[in-house]
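Enquirer: Next up is a structure, given as structure tokens.
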Amino acid sequence: VTIRRQDYQPYPFAVDTVALAFDLQPALTTVTAELEVVRQHPGDLVLDGEDLELVSVAVDGQPLASHAYQLAPTTLTIPGLGERARLTLVSRCRPAENATLMGLYVSNGVFFTQCEAEGFRRITWFPDRPDVMSRYTVTLRAPKADFPQLLSNGNLIAQRELADGRHEAVWEDPFRKPCYLFALVAGKLAWTEKRVRTRSGRDVLLQVYTDPGNEGKTEWALASLERSLRWDETRFDLELDLDRFMIVAARDFNMGAMENKGLNIFNAAYVLADPDSATDANYSAIEAVIGHEYFHNWTGNRVTCRDWFQLSLKEGLTVFRDQEFTADMMAAALADTGLTGDALAKAQASARTVKRIDDVIALRAAQFPEDAGPMAHPIRPESYQEIGNFYTATVYEKGAEVIRMQHTLLGEAGFQRGMAEYFRRHDGQAVTCDDFVDAMESVYRAQHPERDLTAFRRWYRQAGTPRVRVTLAYDAQARTCTVTLAQHCAPVGVERLAGDSLHKAPVHIPFKIGLLDAQGHPLPLRLSGSDAAASDTVVLELTEASQHWVFTDVPGHPVPSLLRDFSAPVIVEYDYTDRDLALLLAHDTNAYARREAGQELAARHILAHASGATTPPDDAQLVQAWRAVLDDPQVDPGWRARALNLPAEKVLAERMSPIDPGALAQARDLVRARLGRDLAGQWRAAIDDNQTPGAYSPDPLSAGRRDLKNLALSYLLAGGDAPARELAELQYRDAGNMTDRLAALAALVNHAPGAAADAALADFYQRSRRDPLMLDKWFALQATARTTDAGQVRKLLAHSDFTLRNPNRARALVFQFCLNNPRHFHAADGAGYRFWAEQVLALDAFNPEIAARLARGLEQWTRYAPVLRDAMHAALERVRSQAGLSRNVTEIVSKALEIS
Ligand code: ARG
Ligand code: ZN
């Protein structure tokens with residue numbers, strides 16, 4: 001069944017209070033729910049429930065006979081209620097058997113919950129929708145020896161001992177919330193904590209819980225939580241509204257983390273870190289996810305979603321906020337490096353750009369393909385079959401870009417005024433994306449009485465990545481340069497089936513641009529008809545299909561620096577010459593656009609090799625451009641590492657038709673080896689210059705040095721440099737942190753397979769045996785290795801440390817191979833696809849949400865060369881024909897097959 005946004009109906013009842021009592025037993029847990037309901041509209045009371053055993057129903061204390069209600073497989077209907085009623089529902093569920101990891105489940109002997117989006121219905125009968133908001137009191141009872149900690153949302157108001165070694169805790173959440181924010185945790189846990197004072201002077205307790213023995217790895221998480229709290233106070237003027245804020249790490253978790261009110265539950269991978277087991281990337285992901293969930297307390301919990309079509313209301317906004325948090329933290333860390341004045345400002349701007357680059361890389365690798373495939377949807381989808389399938393890169397990352405564009409259009413001060421207006425209007429409510437844009441528009445119109453956000457709102461309605469075609473016309477006599485921007489967005493996914501009937505209107509695109517002269521100097525920009533002072537960058541607001549702007553006093557034909565800072569999620573089309581690109585890479589003052597030029601240049605070389613052109617490109621030019629960046633002492637190592645890395649295969653594949661993963665991988669190898677060989681001296685110098693001696697610190701400057709040093713190492717090994725192999729072996733052995741150890745191991749395994757690489761892998765395994773997150777790294781590194789084919793992956797599948805039941809482990813091996821090892825996954829004999837189909841079906845038998853994620857691995861099948869396409873088609877058909885397939889996987893494979 002397809003659920004449509006247009007069909008929204010308010011729920012007939014308000015549920016004012018909810019009292020839940022849990023008798024927690026892993027095998028069979030009894031839940032008693034007492035709901036005070038008040039009629040709002042005519043209609044029956046229909047409650048959702050899944051995998052529940054109904055024990056009894058009572059209304060106002062009177063048990064209902066079974067003919068007084070209707071029990072269907074996933075609903076319980078109670079007709080004939082009056083204005084007010086007190087319902088008492090008793091039900092049972094089986095947490096230990098629950099491998100879906102939705103609802104109430106047991107992981108490592110600890111009870112956890114995951115309710116978003118529709119997991120609460122697996123705990124008790126309830127209107128499981130976000131616009132029903134209630135005040136919760138939760139009573140937890142369990143045997144004390146096995147479950148000493150009993151946690152739920154809000155404040156602990158009572159605790160007592162019960163008979164038979166059991167105990168009880170009562171929690172009360174002072175804020176109304178939708179049921180998807182409910183949580184409980186019960187078990188044996190260790191924790192660290194800190195008391196801090198909020199801006200207004202309230203004392204709050206911050207805690208991070210984990211399995212006993214790992215509390216030593218929670219320091220970074222606890223510090224990140226405190227930084228999140230401070231940042232939301234200073235940058236967004238938002239304060240913590242609870243006396244206690246808890247984070248609990250779970251080993252088995254479907255996603256990254258969950259923002260349950262006052263009791264965030266996290267995948268352990270985003271909590272636990274120490275220098276021996278976590279990389280720089282892990283540290284920064286932990287800080288970002290802790291920030292993200294914490295920021296949801298306002299953007300998601302205080303103001304929540306009316307229905308799940310509005311998911312981007314909270315996710316796009318909160319991703320934008322966590323991106324800004326990371327950028328601000330990266331800039332702030334540089335203040336302790338001894339830099340001052342201009343040098344500090346420059347370094348900070350560069351650090352922010354590094355974050356921006358990473359976010360755009362992720363967007364292009366995941367969201368652009370999604371937006372061109374069968375699952376393409378607007379950031380506010382129009383329909384879905386299973387909402388669990390719509391926690392997507394589009395809703396999250398493109399959603400964040402749509403918020404960022406509003407920030408760009410309004411400016412920081414204007415955006416913050418819009419946020420204040422949003423909270424003034426909607427605190428405590430369940431609202432829509434339109435409500436958010438309305439608040440922002442009120443500020444935008446005050447700033448520009450002649451403008452509005454009509455065209456902007458189409459970003460919420462239209463799928464697909466718009467293309468912006470740029471043309472320049474230079475008039476030497478008038479010394480003007482006319483820049484024309486024209487936008488176009490082709491039909492995508494199901495829209496293609498609609499044929500010509502679909503009309504997409506222009507969207508509002510803030511397009512940041514600069515101009516360089518032939519020597520690479522920035523030109524001061526003056527727009528004809530504007531009295532603004534000349535500046536280095538201007539934001540052109542494209543709201544129509546095509547518009548032009550005239551720049552005056554332009555001394556010669558300029559080289560444009562386009563879509564600076566990636567100011568909109570679009571694809572730019574401009575006919576750069578290779579020389580233009582080299583000039584921009586060497587000189588552009590915008591560090592984002594500067595890197596982009598180099599990536600475009602490299603992409604051209606790789607794609608030309610991959611296409612098997614009769615005259616292969618002259619890579620000497622690329623070597624020269626790369627050398628210039630390596631020799632530029634001005635720029636920071638983190639930026640350089642990103643500028644000198646080659647574009648990812650996923651990004652390159654988007655530009656190839658049909659996609660030939662083998663040819664692409666070979667072409668990329670060829671170019672990398674050439675750069676490795678020809679610049680060996682520079683790479684060696686980069687390694688020497690970017691050592692990070694002393695105690696490990698994950699700060700951005702040190703992390704950037706390690707990025708560059710380890711990139712240099714991999715280039716050298718890819719170039720076949722014999723001394724570098726030894727260097728990698730030594731770095732593996734002597735590394736003082738996981739970043740360096742793992743980078744050395746990856747370089748050896750990928751570029752110098754043999755006895756030394758095998759020995760290092762075996763050593764890594766020994767070091768990892770007691771640490772699941774390190775074992776995940778061991779599996780993932782092999783799953784993505786250049787030498788690992790489907791046969792090898794099957795061997796790893798049989799390893800005693802492998803289990804498909806743990807999502808992190810499944811992701812480390814199965815997902816990494818299917819999604820991040822294109823060279824072998826797309827083997828011409830179809831072995832990778834057969835493996836994929838088996839694993840999708842194996843996962844679907846117990847965890848449909850995770851199975852559906854893997855199922856998406858073949859959705860681009862129509863874009864591949866015929867042999868691969870046919871084999872993918874067969875694998876998709878194999879999955880679709882399986883009896884008893886989940887709704888989750890059915891939606892994915894049927895959409896993939898539908899648009900063939
Ligand atoms: N709201 C969570 C987050 O972004 C994601 C939860 C998604 N859960 C799920 N089972 N689909 O932070
Ligand atoms: Zn979120």
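Just remember, in the structure tokens the first chain shown is A, the second B, etc., residues are 1-based per chain, and ligands are 1-based in the order shown.
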Under the rule of at most 8 Å, produce a per-residue listing of chain A near ligand 2: chain, number, name, the closest pair of atoms, and the distance in Å, as a Markdown table, using only C-alpha atoms and all ligand atoms.

Expert:
| residue | atom | partner | partner_atom_place_in_ligand_line | distance |
| --- | --- | --- | --- | --- |
| A:Ala257 | CA | ligand 2 | 1 (Zn) | 7.9 |
| A:Met258 | CA | ligand 2 | 1 (Zn) | 7.1 |
| A:Glu259 | CA | ligand 2 | 1 (Zn) | 7.1 |
| A:His292 | CA | ligand 2 | 1 (Zn) | 6.2 |
| A:Glu293 | CA | ligand 2 | 1 (Zn) | 6.2 |
| A:His296 | CA | ligand 2 | 1 (Zn) | 6.6 |
| A:Gly300 | CA | ligand 2 | 1 (Zn) | 8.0 |
| A:Lys314 | CA | ligand 2 | 1 (Zn) | 6.8 |
| A:Glu315 | CA | ligand 2 | 1 (Zn) | 4.7 |
| A:Gly316 | CA | ligand 2 | 1 (Zn) | 7.9 |
| A:Thr318 | CA | ligand 2 | 1 (Zn) | 6.1 |
| A:Val319 | CA | ligand 2 | 1 (Zn) | 6.8 |
| A:Tyr396 | CA | ligand 2 | 1 (Zn) | 7.7 |

Enquirer: I need the chosen residues saved as a PDB file, in the first residue's frame, with N, CA and C atoms.

Expert:
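After the write, result.pdb holds the following:
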ATOM      1  N   ALA A 257      22.099   6.821  15.523  1.00  0.00           N
ATOM      2  CA  ALA A 257      21.702   7.162  16.884  1.00  0.00           C
ATOM      3  C   ALA A 257      20.272   7.678  16.868  1.00  0.00           C
ATOM      4  N   MET A 258      19.717   7.885  18.072  1.00  0.00           N
ATOM      5  CA  MET A 258      18.320   8.294  18.169  1.00  0.00           C
ATOM      6  C   MET A 258      18.126   9.303  19.294  1.00  0.00           C
ATOM      7  N   GLU A 259      17.383  10.361  18.966  1.00  0.00           N
ATOM      8  CA  GLU A 259      17.272  11.542  19.829  1.00  0.00           C
ATOM      9  C   GLU A 259      16.177  11.458  20.891  1.00  0.00           C
ATOM     10  N   HIS A 292      24.412  16.152  16.638  1.00  0.00           N
ATOM     11  CA  HIS A 292      23.162  15.992  15.881  1.00  0.00           C
ATOM     12  C   HIS A 292      22.009  15.598  16.814  1.00  0.00           C
ATOM     13  N   GLU A 293      22.209  14.548  17.595  1.00  0.00           N
ATOM     14  CA  GLU A 293      21.108  14.078  18.453  1.00  0.00           C
ATOM     15  C   GLU A 293      20.781  15.114  19.521  1.00  0.00           C
ATOM     16  N   HIS A 296      18.684  17.867  18.104  1.00  0.00           N
ATOM     17  CA  HIS A 296      17.295  17.464  17.889  1.00  0.00           C
ATOM     18  C   HIS A 296      16.401  17.860  19.063  1.00  0.00           C
ATOM     19  N   GLY A 300      13.217  19.045  16.405  1.00  0.00           N
ATOM     20  CA  GLY A 300      12.763  17.660  16.302  1.00  0.00           C
ATOM     21  C   GLY A 300      11.873  17.314  17.484  1.00  0.00           C
ATOM     22  N   LYS A 314      12.837  18.076  10.514  1.00  0.00           N
ATOM     23  CA  LYS A 314      13.769  17.938  11.620  1.00  0.00           C
ATOM     24  C   LYS A 314      15.142  17.439  11.177  1.00  0.00           C
ATOM     25  N   GLU A 315      15.181  16.580  10.159  1.00  0.00           N
ATOM     26  CA  GLU A 315      16.482  15.997   9.803  1.00  0.00           C
ATOM     27  C   GLU A 315      17.348  16.940   8.967  1.00  0.00           C
ATOM     28  N   GLY A 316      16.767  17.568   7.956  1.00  0.00           N
ATOM     29  CA  GLY A 316      17.554  18.505   7.160  1.00  0.00           C
ATOM     30  C   GLY A 316      18.080  19.624   8.042  1.00  0.00           C
ATOM     31  N   THR A 318      18.493  19.623  11.307  1.00  0.00           N
ATOM     32  CA  THR A 318      19.440  19.184  12.326  1.00  0.00           C
ATOM     33  C   THR A 318      20.775  18.777  11.700  1.00  0.00           C
ATOM     34  N   VAL A 319      20.763  18.239  10.504  1.00  0.00           N
ATOM     35  CA  VAL A 319      22.035  17.975   9.817  1.00  0.00           C
ATOM     36  C   VAL A 319      22.743  19.304   9.534  1.00  0.00           C
ATOM     37  N   TYR A 396      17.983  13.758   4.434  1.00  0.00           N
ATOM     38  CA  TYR A 396      18.978  14.263   5.383  1.00  0.00           C
ATOM     39  C   TYR A 396      19.916  15.284   4.735  1.00  0.00           C
TER      40      TYR A 396
END

Enquirer: Segment 687-696 of chain A: which residues within 8 Å, counting only C-alpha atoms, same-chain residues fewer than 2 positions away excluded, as a list in words?

Expert: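 Selected residues are Pro275, Pro637, Trp683, Arg684, Ala685, Pro698, Ser702, Arg705, Arg706, Leu708, Lys709, Asn710, Ala712, Leu713, Gly736 and Asn737 of chain A.
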
Enquirer: Looking at A:Leu583, A:Gln348, A:Arg769, A:Thr784, which one is nearest to Val749 of chain A, with distances taken over only C-alpha atoms?

Expert: A:Thr784

Enquirer: Find the residue from A:Ala852, A:Ala14, A:Val635, A:Ala602 that sits nearest to Ala586 of chain A; use only C-alpha atoms when measuring.

Expert: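 Among the listed residues, the smallest separation from Ala586 of chain A belongs to A:Val635.
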
Enquirer: Residues near His377 of chain A, anyone? I mean within 8 Å using only C-alpha atoms, not counting same-chain ones fewer than 6 positions away, as an MDAnalysis selection string.

Expert: chainID A and resid 371 394 462:464 493

Enquirer: Near Ala68 of chain A, counting only C-alpha atoms, which residues have an atom at most 10 Å away, once you skip same-chain residues fewer than 2 positions from it, shown as a PyMOL selection string?

Expert: chain A and resi 57+63-66+70-71+77-80

Enquirer: Pull the closest atom pair for each residue of chain A that gets at most 10 Å from ligand 1, along with the distance in Å to one decimal, counting only C-alpha atoms and all ligand atoms, ordering rows by chain and then ascending residue number, as a tab-separated table.

Expert:
residue	atom	partner	partner_atom_place_in_ligand_line	distance
A:Thr100	CA	ligand 1	10 (N)	9.5
A:Leu101	CA	ligand 1	10 (N)	8.2
A:Met102	CA	ligand 1	10 (N)	6.6
A:Gly103	CA	ligand 1	10 (N)	9.4
A:Gln114	CA	ligand 1	10 (N)	6.7
A:Cys115	CA	ligand 1	10 (N)	7.1
A:Glu116	CA	ligand 1	8 (N)	5.0
A:Ala117	CA	ligand 1	9 (C)	5.8
A:Glu118	CA	ligand 1	10 (N)	8.0
A:Gly119	CA	ligand 1	10 (N)	7.8
A:Tyr180	CA	ligand 1	1 (N)	9.1
A:Leu181	CA	ligand 1	1 (N)	9.0
A:Phe253	CA	ligand 1	10 (N)	8.7
A:Asn254	CA	ligand 1	10 (N)	6.2
A:Met255	CA	ligand 1	8 (N)	5.9
A:Gly256	CA	ligand 1	12 (O)	6.8
A:Ala257	CA	ligand 1	12 (O)	5.3
A:Met258	CA	ligand 1	2 (C)	4.5
A:Glu259	CA	ligand 1	12 (O)	6.0
A:Asn260	CA	ligand 1	1 (N)	8.5
A:Asn264	CA	ligand 1	12 (O)	9.4
A:Ile265	CA	ligand 1	2 (C)	9.6
A:Phe266	CA	ligand 1	12 (O)	9.2
A:Val289	CA	ligand 1	12 (O)	7.6
A:Ile290	CA	ligand 1	12 (O)	9.3
A:Gly291	CA	ligand 1	12 (O)	9.9
A:His292	CA	ligand 1	12 (O)	6.6
A:Glu293	CA	ligand 1	12 (O)	5.6
A:Tyr294	CA	ligand 1	12 (O)	9.3
A:Phe295	CA	ligand 1	12 (O)	9.6
A:His296	CA	ligand 1	12 (O)	7.7
A:Gly300	CA	ligand 1	1 (N)	8.4
A:Leu311	CA	ligand 1	1 (N)	8.9
A:Ser312	CA	ligand 1	4 (O)	9.9
A:Lys314	CA	ligand 1	1 (N)	8.4
A:Glu315	CA	ligand 1	4 (O)	6.1
A:Gly316	CA	ligand 1	4 (O)	9.3
A:Thr318	CA	ligand 1	4 (O)	8.2
A:Val319	CA	ligand 1	4 (O)	8.3
A:Ile387	CA	ligand 1	11 (N)	7.8
A:Gly388	CA	ligand 1	11 (N)	4.8
A:Asn389	CA	ligand 1	11 (N)	7.5
A:Phe390	CA	ligand 1	11 (N)	7.9
A:Tyr391	CA	ligand 1	11 (N)	5.9
A:Thr392	CA	ligand 1	11 (N)	9.3
A:Tyr396	CA	ligand 1	4 (O)	7.9
A:Glu849	CA	ligand 1	10 (N)	7.2
A:Ile850	CA	ligand 1	10 (N)	9.2

Enquirer: Those residues with C-alpha atoms, as a PDB file, in the first residue's frame please?

Expert:
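The result, written out as out-v4.pdb:
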ATOM      1  CA  THR A 100      14.330  -6.316  13.860  1.00  0.00           C
ATOM      2  CA  LEU A 101      15.915  -3.955  16.426  1.00  0.00           C
ATOM      3  CA  MET A 102      12.733  -1.884  16.244  1.00  0.00           C
ATOM      4  CA  GLY A 103      10.537  -1.602  19.341  1.00  0.00           C
ATOM      5  CA  GLN A 114      14.074   2.126  18.996  1.00  0.00           C
ATOM      6  CA  CYS A 115      10.736   3.729  18.178  1.00  0.00           C
ATOM      7  CA  GLU A 116      11.327   6.076  15.251  1.00  0.00           C
ATOM      8  CA  ALA A 117       9.633   5.911  12.898  1.00  0.00           C
ATOM      9  CA  GLU A 118       7.030   3.248  13.705  1.00  0.00           C
ATOM     10  CA  GLY A 119       8.557   1.068  16.406  1.00  0.00           C
ATOM     11  CA  TYR A 180       8.604   7.926  18.540  1.00  0.00           C
ATOM     12  CA  LEU A 181      10.671   9.779  21.179  1.00  0.00           C
ATOM     13  CA  PHE A 253      21.652  -0.699  16.450  1.00  0.00           C
ATOM     14  CA  ASN A 254      20.147  -0.215  13.007  1.00  0.00           C
ATOM     15  CA  MET A 255      21.214   3.369  12.434  1.00  0.00           C
ATOM     16  CA  GLY A 256      23.608   5.939  13.865  1.00  0.00           C
ATOM     17  CA  ALA A 257      21.702   7.162  16.884  1.00  0.00           C
ATOM     18  CA  MET A 258      18.320   8.294  18.169  1.00  0.00           C
ATOM     19  CA  GLU A 259      17.272  11.542  19.829  1.00  0.00           C
ATOM     20  CA  ASN A 260      14.783  10.143  22.417  1.00  0.00           C
ATOM     21  CA  ASN A 264      19.620   9.305  23.455  1.00  0.00           C
ATOM     22  CA  ILE A 265      20.423   5.772  22.333  1.00  0.00           C
ATOM     23  CA  PHE A 266      23.477   5.424  20.143  1.00  0.00           C
ATOM     24  CA  VAL A 289      26.460  12.545  15.806  1.00  0.00           C
ATOM     25  CA  ILE A 290      26.410  13.518  19.469  1.00  0.00           C
ATOM     26  CA  GLY A 291      25.850  17.083  18.351  1.00  0.00           C
ATOM     27  CA  HIS A 292      23.162  15.992  15.881  1.00  0.00           C
ATOM     28  CA  GLU A 293      21.108  14.078  18.453  1.00  0.00           C
ATOM     29  CA  TYR A 294      21.560  16.774  21.074  1.00  0.00           C
ATOM     30  CA  PHE A 295      20.429  19.486  18.632  1.00  0.00           C
ATOM     31  CA  HIS A 296      17.295  17.464  17.889  1.00  0.00           C
ATOM     32  CA  GLY A 300      12.763  17.660  16.302  1.00  0.00           C
ATOM     33  CA  LEU A 311      10.855  14.174   8.137  1.00  0.00           C
ATOM     34  CA  SER A 312      13.253  16.664   6.557  1.00  0.00           C
ATOM     35  CA  LYS A 314      13.769  17.938  11.620  1.00  0.00           C
ATOM     36  CA  GLU A 315      16.482  15.997   9.803  1.00  0.00           C
ATOM     37  CA  GLY A 316      17.554  18.505   7.160  1.00  0.00           C
ATOM     38  CA  THR A 318      19.440  19.184  12.326  1.00  0.00           C
ATOM     39  CA  VAL A 319      22.035  17.975   9.817  1.00  0.00           C
ATOM     40  CA  ILE A 387       8.760   5.084   5.894  1.00  0.00           C
ATOM     41  CA  GLY A 388      11.858   3.201   7.099  1.00  0.00           C
ATOM     42  CA  ASN A 389      13.075   3.412   3.488  1.00  0.00           C
ATOM     43  CA  PHE A 390      12.968   7.225   3.538  1.00  0.00           C
ATOM     44  CA  TYR A 391      15.726   7.917   6.019  1.00  0.00           C
ATOM     45  CA  THR A 392      17.707   8.832   2.958  1.00  0.00           C
ATOM     46  CA  TYR A 396      18.978  14.263   5.383  1.00  0.00           C
ATOM     47  CA  GLU A 849      15.185  -2.279   7.606  1.00  0.00           C
ATOM     48  CA  ILE A 850      18.806  -3.373   7.185  1.00  0.00           C
TER      49      ILE A 850
END

Enquirer: Smallest atom-to-atom distance to Asp699 of chain A: which of A:Cys179, A:Leu716, A:Leu761, A:Ala281, using only C-alpha atoms?

Expert: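 Checking each of A:Cys179, A:Leu716, A:Leu761, A:Ala281 against Asp699 of chain A, counting only C-alpha atoms, the winner is A:Ala281.
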
Enquirer: Could you pull out all residues of segment 545-784 of chain A with a DSSP call of strand (DSSP E or B) and give them as an MDAnalysis selection string?

Expert: chainID A and resid 546:551 559:562 571:573 659

Enquirer: At a cut-off of 7 Å, using only C-alpha atoms, what residues contact Val37 of chain A? Leave out same-chain residues fewer than 6 positions from it and give the result as a PyMOL selection string.

Expert: chain A and resi 13-16+84-86

Enquirer: Given the selection you just returned, output its residues as a file containing N, CA and C atoms, formatted as a short mmCIF file (atom, residue, chain, number, x, y, z; two decimals), in the first residue's frame.

Expert:
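Written file, result.cif:
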data_model
loop_
_atom_site.label_atom_id
_atom_site.label_comp_id
_atom_site.auth_asym_id
_atom_site.auth_seq_id
_atom_site.Cartn_x
_atom_site.Cartn_y
_atom_site.Cartn_z
N PHE A 13 -8.55 11.73 18.26
CA PHE A 13 -8.41 11.92 19.71
C PHE A 13 -7.09 12.56 20.06
N ALA A 14 -7.09 13.33 21.15
CA ALA A 14 -5.84 13.72 21.79
C ALA A 14 -5.56 12.68 22.86
N VAL A 15 -4.28 12.35 23.04
CA VAL A 15 -3.92 11.45 24.14
C VAL A 15 -3.13 12.31 25.13
N ASP A 16 -3.80 12.77 26.18
CA ASP A 16 -3.16 13.74 27.07
C ASP A 16 -2.03 13.13 27.88
N ARG A 84 -14.41 11.70 26.55
CA ARG A 84 -13.20 11.38 27.30
C ARG A 84 -13.23 9.93 27.70
N ALA A 85 -12.06 9.31 27.76
CA ALA A 85 -12.02 7.93 28.25
C ALA A 85 -10.63 7.64 28.80
N ARG A 86 -10.61 6.69 29.74
CA ARG A 86 -9.32 6.20 30.24
C ARG A 86 -9.21 4.75 29.78
#

Enquirer: Just to confirm, what's the straight-line distance from atom CA of Glu877 of chain A to atom CA of Leu796 of chain A in Å (one decimal)?

Expert: 26.5 Å

Enquirer: How many Å lie between atom CA of Phe456 of chain A and atom CA of Met405 of chain A, rounded to one decimal?

Expert: 9.2 Å
